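Inspection log for the structure reproduced underneath, given as structure tokens.
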Amino acid sequence: MNRPGASDQPGTSEGKTTVPEIDLSSYTRGGDGSPHLRGYVARPEGEGPRPGVLVVHEAFGVDVEMRRHADRLARLGYLTVVPDLYSEGGMWRCVVGVMRSLSAGHGRAFTDIAAGRAWLLDQPGCTGRVGVVGFCMGGGFAIATASDFDASAPNYGMLPKDLRAAVEGACPTVASYGARDRSLRGAAPRLKAALDEEGVVNDVKEYADAGHSFMNEAPNGPRPLRVLLRATGSGPVPEAADDAWRRIDAFFTEHLGRAR
């Protein structure tokens, strides 16, 4: 059943037939989520229903790159939503609180993610099978919330402090990391070992020539930080990104059902 206020809200259509900005606050009302939770929606073309995918954004928020990722998932045939975890004040006011929530394993950000999942399940165009895709900080949430979804794709995702507890009961997981990512050195084999130990079906791959944010199409984040990010090997690596997307689509097709 659709909840009041769950439908698309007026806004900029950006040339699309449906409005990409939605109000998700009806799903957080009365709880500890964001009172004014917003989201970005990308819808596949053609007749549904389709599997749903929730994207958890990286530390820079729902920027151009995160919208590109959502649009790409829609082109692959997935009904996609990106809850804005910074809805209550933007990146600079919210990032610390969201990171604290990730570290604690509970809090507003987790409620906001659950709200996005509930919205997908309420849509007549969704099959009822929902995956989660996350990038960087969002990849950490994709690991931490994997027990709530049918498939998970953390990309250069931060590992929870208690990794073993985080993957207990996790859904099938396809993960991608860059060997040149100094901030996540050793994360890929650690995640795979934990998933294997728990008996979780997984496909974890580390790309030798990639660093952090290698799936982005262009450098992102505040301009003063971009020089530093480039110096640490962060940024697009198209060949690795294409392979990672191919693996995600194949894995999600297997575990969520055919998207197109």
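In the structure tokens, chains take letters A, B, ... by order of appearance, with residues numbered from 1 within each chain and ligands from 1 in the order shown.
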Within 7 Å of stretch 49-61 of chain A, counting only C-alpha atoms, which residues show up once you throw out same-chain ones fewer than 4 positions away? Write them as an NGL selection string, please. :A and (66 or 70 or 77-84 or 86 or 91 or 95 or 116-117 or 120 or 124-138 or 221 or 256-257 or 259)
Mind writing the picked residues with C-alpha atoms as an mmCIF file, in the first residue's frame?
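Writing done, so here's result.cif:
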data_model
loop_
_atom_site.group_PDB
_atom_site.id
_atom_site.type_symbol
_atom_site.label_atom_id
_atom_site.label_comp_id
_atom_site.auth_asym_id
_atom_site.auth_seq_id
_atom_site.Cartn_x
_atom_site.Cartn_y
_atom_site.Cartn_z
ATOM 1 C CA MET A 66 25.692 9.535 -7.754
ATOM 2 C CA ALA A 70 21.454 5.801 -10.477
ATOM 3 C CA GLY A 77 16.497 -2.044 -15.979
ATOM 4 C CA TYR A 78 16.342 -1.390 -12.226
ATOM 5 C CA LEU A 79 13.897 0.956 -10.488
ATOM 6 C CA THR A 80 16.413 3.024 -8.525
ATOM 7 C CA VAL A 81 16.204 5.425 -5.591
ATOM 8 C CA VAL A 82 18.969 7.394 -3.842
ATOM 9 C CA PRO A 83 17.885 8.674 -0.401
ATOM 10 C CA ASP A 84 19.665 11.916 0.475
ATOM 11 C CA TYR A 86 22.136 14.923 4.047
ATOM 12 C CA MET A 91 27.040 17.718 3.431
ATOM 13 C CA VAL A 95 28.475 14.203 7.169
ATOM 14 C CA GLY A 116 14.078 4.238 0.713
ATOM 15 C CA ARG A 117 13.701 0.475 0.703
ATOM 16 C CA LEU A 120 10.640 0.852 -3.450
ATOM 17 C CA PRO A 124 3.675 -1.047 -8.334
ATOM 18 C CA GLY A 125 6.627 -1.011 -10.739
ATOM 19 C CA CYS A 126 8.804 -3.004 -8.307
ATOM 20 C CA THR A 127 8.880 -6.811 -8.232
ATOM 21 C CA GLY A 128 9.462 -6.894 -4.473
ATOM 22 C CA ARG A 129 13.104 -7.877 -4.880
ATOM 23 C CA VAL A 130 15.447 -5.063 -3.815
ATOM 24 C CA GLY A 131 19.217 -4.699 -3.897
ATOM 25 C CA VAL A 132 21.524 -2.104 -2.383
ATOM 26 C CA VAL A 133 24.508 -0.463 -4.086
ATOM 27 C CA GLY A 134 26.903 1.778 -2.167
ATOM 28 C CA PHE A 135 30.018 3.809 -2.888
ATOM 29 C CA CYS A 136 32.757 4.670 -0.360
ATOM 30 C CA MET A 137 30.821 5.672 2.775
ATOM 31 C CA GLY A 138 27.728 4.285 1.068
ATOM 32 C CA GLY A 221 33.968 16.522 -4.394
ATOM 33 C CA LEU A 256 17.138 -10.156 -7.974
ATOM 34 C CA GLY A 257 15.701 -11.487 -11.196
ATOM 35 C CA ALA A 259 15.762 -6.458 -14.964
#
Excluding stretch 194-210 of chain A and any residue of its chain fewer than 6 positions from it, enumerate the residues within 10 Å of it, using only C-alpha atoms, and give them as a PyMOL selection string. chain A and resi 151-156+163-181+186-188+233-241+243-244+247-248+251
Mind dumping the selected residues with C-alpha atoms as a compact mmCIF listing (two decimals), in the first residue's frame?
# COMPACT_ATOMS: atom_id res chain seq x y z
CA ALA A 151 21.61 -8.52 -2.99
CA SER A 152 24.33 -6.04 -2.06
CA ALA A 153 27.06 -4.29 -4.08
CA PRO A 154 29.51 -2.34 -1.88
CA ASN A 155 32.06 -0.49 -3.99
CA TYR A 156 35.26 0.55 -2.18
CA LEU A 163 32.91 -7.10 10.32
CA ARG A 164 31.94 -10.59 11.40
CA ALA A 165 28.75 -9.33 13.08
CA ALA A 166 27.97 -7.09 10.10
CA VAL A 167 27.99 -9.94 7.57
CA GLU A 168 26.01 -12.33 9.73
CA GLY A 169 22.85 -13.11 7.77
CA ALA A 170 24.03 -10.95 4.85
CA CYS A 171 22.49 -11.32 1.40
CA PRO A 172 24.59 -12.34 -1.64
CA THR A 173 27.29 -9.71 -2.11
CA VAL A 174 29.29 -8.47 -5.09
CA ALA A 175 32.06 -6.07 -4.02
CA SER A 176 34.69 -4.06 -5.89
CA TYR A 177 37.87 -2.46 -4.54
CA GLY A 178 41.00 -0.83 -5.94
CA ALA A 179 44.44 -2.15 -5.00
CA ARG A 180 45.81 1.39 -5.13
CA ASP A 181 43.28 2.67 -2.61
CA GLY A 186 43.50 -5.10 2.56
CA ALA A 187 39.74 -4.47 2.71
CA ALA A 188 38.86 -6.78 -0.21
CA GLY A 233 45.20 7.77 -6.68
CA SER A 234 41.49 8.51 -6.44
CA GLY A 235 39.47 8.93 -9.59
CA PRO A 236 38.03 7.29 -12.70
CA VAL A 237 39.48 4.08 -14.15
CA PRO A 238 37.10 3.28 -17.03
CA GLU A 239 38.19 -0.30 -17.75
CA ALA A 240 37.90 -1.35 -14.11
CA ALA A 241 34.59 0.51 -13.78
CA ASP A 243 34.07 -4.61 -15.48
CA ALA A 244 32.66 -3.80 -12.04
CA ARG A 247 29.73 -8.00 -12.56
CA ILE A 248 27.07 -6.07 -10.62
CA PHE A 251 25.11 -10.78 -10.03
Which of A:Asp122, A:Asp112, A:Asp32, A:Glu88 sits closest to A:Thr145 [using only C-alpha atoms]: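 Answer, going by the shortest atom-to-atom distance: A:Asp112.
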Can you pull out the residues contacting stretch 25-30 of chain A? Cut-off 6 Å, using only C-alpha atoms, and skip same-chain residues under 4 positions away; I want them as number ranges by chain. A: 5, 35-37, 115
Using N, CA and C atoms, can you write the selected residues to a file as a compact mmCIF listing (two decimals), in the first residue's frame?
# COMPACT_ATOMS: atom_id res chain seq x y z
N GLY A 5 1.86 10.85 0.67
CA GLY A 5 3.05 11.63 0.39
C GLY A 5 4.16 10.85 -0.26
N PRO A 35 13.43 14.17 9.12
CA PRO A 35 12.04 14.65 9.01
C PRO A 35 11.67 15.10 7.60
N HIS A 36 12.65 15.56 6.83
CA HIS A 36 12.38 16.06 5.49
C HIS A 36 13.20 15.28 4.46
N LEU A 37 13.16 13.96 4.56
CA LEU A 37 13.99 13.12 3.70
C LEU A 37 13.60 13.25 2.23
N ALA A 115 13.80 3.69 4.87
CA ALA A 115 12.69 4.42 4.25
C ALA A 115 12.74 4.30 2.73
Separation of atom CA of A:Phe214 from atom CA of A:Arg260 in Å: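 Calculated distance between atom CA of A:Arg260 and atom CA of A:Phe214 is 26.2 Å.
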Hey, can you check how far atom CA of A:Ser101 sits from atom CA of A:Leu191?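 Spanning atom CA of A:Ser101 to atom CA of A:Leu191 is a straight-line distance of 20.3 Å.
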Separation of atom CA of A:Arg246 from atom CA of A:Leu73 in Å: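 Between these atoms lies a distance of 11.1 Å.
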Which of stretch 18-117 of chain A counts as helix (DSSP H, G or I) under DSSP, as a count of residues only please? 39
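Distances to A:Phe141 were evaluated for A:Leu121, A:Leu76, A:Ala114, A:Met215 using only C-alpha atoms, and the minimum falls at A:Ala114.
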When you look at A:Ala109 with a cut-off of 7 Å (counting only C-alpha atoms), what residues show up, excluding the ones that are within fewer than 6 positions of it in the same chain? I need them as a list of chain:residue names.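 So, after excluding close chain neighbours, the residues are A:Gly33, A:Leu85, A:Val98, A:Ser101.
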Grab the residues selected above and save them as an mmCIF file, in the first residue's frame with all heavy atoms.
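Below is the file that was written, part_4.cif:
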data_model
loop_
_atom_site.group_PDB
_atom_site.id
_atom_site.type_symbol
_atom_site.label_atom_id
_atom_site.label_comp_id
_atom_site.auth_asym_id
_atom_site.auth_seq_id
_atom_site.Cartn_x
_atom_site.Cartn_y
_atom_site.Cartn_z
ATOM 1 N N GLY A 33 14.309 8.982 11.721
ATOM 2 C CA GLY A 33 14.912 9.322 10.442
ATOM 3 C C GLY A 33 14.864 10.822 10.176
ATOM 4 O O GLY A 33 14.439 11.617 11.014
ATOM 5 N N LEU A 85 20.962 11.291 2.429
ATOM 6 C CA LEU A 85 21.247 11.206 3.860
ATOM 7 C C LEU A 85 21.642 12.561 4.452
ATOM 8 O O LEU A 85 21.767 12.679 5.670
ATOM 9 C CB LEU A 85 22.364 10.186 4.113
ATOM 10 C CG LEU A 85 22.135 8.773 3.571
ATOM 11 C CD1 LEU A 85 23.269 7.845 4.007
ATOM 12 C CD2 LEU A 85 20.781 8.213 4.013
ATOM 13 N N VAL A 98 26.278 11.318 9.926
ATOM 14 C CA VAL A 98 26.066 10.114 9.121
ATOM 15 C C VAL A 98 27.212 9.124 9.341
ATOM 16 O O VAL A 98 26.991 7.917 9.483
ATOM 17 C CB VAL A 98 25.933 10.474 7.628
ATOM 18 C CG1 VAL A 98 25.924 9.223 6.767
ATOM 19 C CG2 VAL A 98 24.650 11.270 7.397
ATOM 20 N N SER A 101 26.755 7.442 12.595
ATOM 21 C CA SER A 101 25.721 6.424 12.484
ATOM 22 C C SER A 101 26.296 5.143 11.891
ATOM 23 O O SER A 101 26.019 4.034 12.374
ATOM 24 C CB SER A 101 24.566 6.944 11.622
ATOM 25 O OG SER A 101 23.520 6.009 11.542
#
Picked from stretch 35-100 of chain A by DSSP as strand (DSSP E), as a list in words: Arg38, Gly39, Tyr40, Val41, Ala42, Arg50, Pro51, Gly52, Val53, Leu54, Val55, Val56, Leu79, Thr80, Val81, Val82 and Pro83 of chain A
Write the residues of the preceding selection, restricted to C-alpha atoms, as a JSON list (two decimals), in the first residue's frame.
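As a result, out-v1.json now contains:
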[["chain", "number", "residue", "atom", "x", "y", "z"],
["A", 38, "ARG", "CA", 14.42, 13.64, -0.03],
["A", 39, "GLY", "CA", 15.49, 11.22, -2.73],
["A", 40, "TYR", "CA", 16.50, 10.95, -6.35],
["A", 41, "VAL", "CA", 14.68, 8.42, -8.52],
["A", 42, "ALA", "CA", 15.76, 6.91, -11.84],
["A", 50, "ARG", "CA", 11.33, -4.49, -12.29],
["A", 51, "PRO", "CA", 13.66, -5.27, -9.40],
["A", 52, "GLY", "CA", 14.42, -2.28, -7.19],
["A", 53, "VAL", "CA", 17.83, -0.91, -6.25],
["A", 54, "LEU", "CA", 18.65, 1.53, -3.47],
["A", 55, "VAL", "CA", 21.86, 3.51, -3.93],
["A", 56, "VAL", "CA", 23.67, 4.81, -0.83],
["A", 79, "LEU", "CA", 13.90, 0.96, -10.49],
["A", 80, "THR", "CA", 16.41, 3.02, -8.53],
["A", 81, "VAL", "CA", 16.20, 5.42, -5.59],
["A", 82, "VAL", "CA", 18.97, 7.39, -3.84],
["A", 83, "PRO", "CA", 17.89, 8.67, -0.40]]
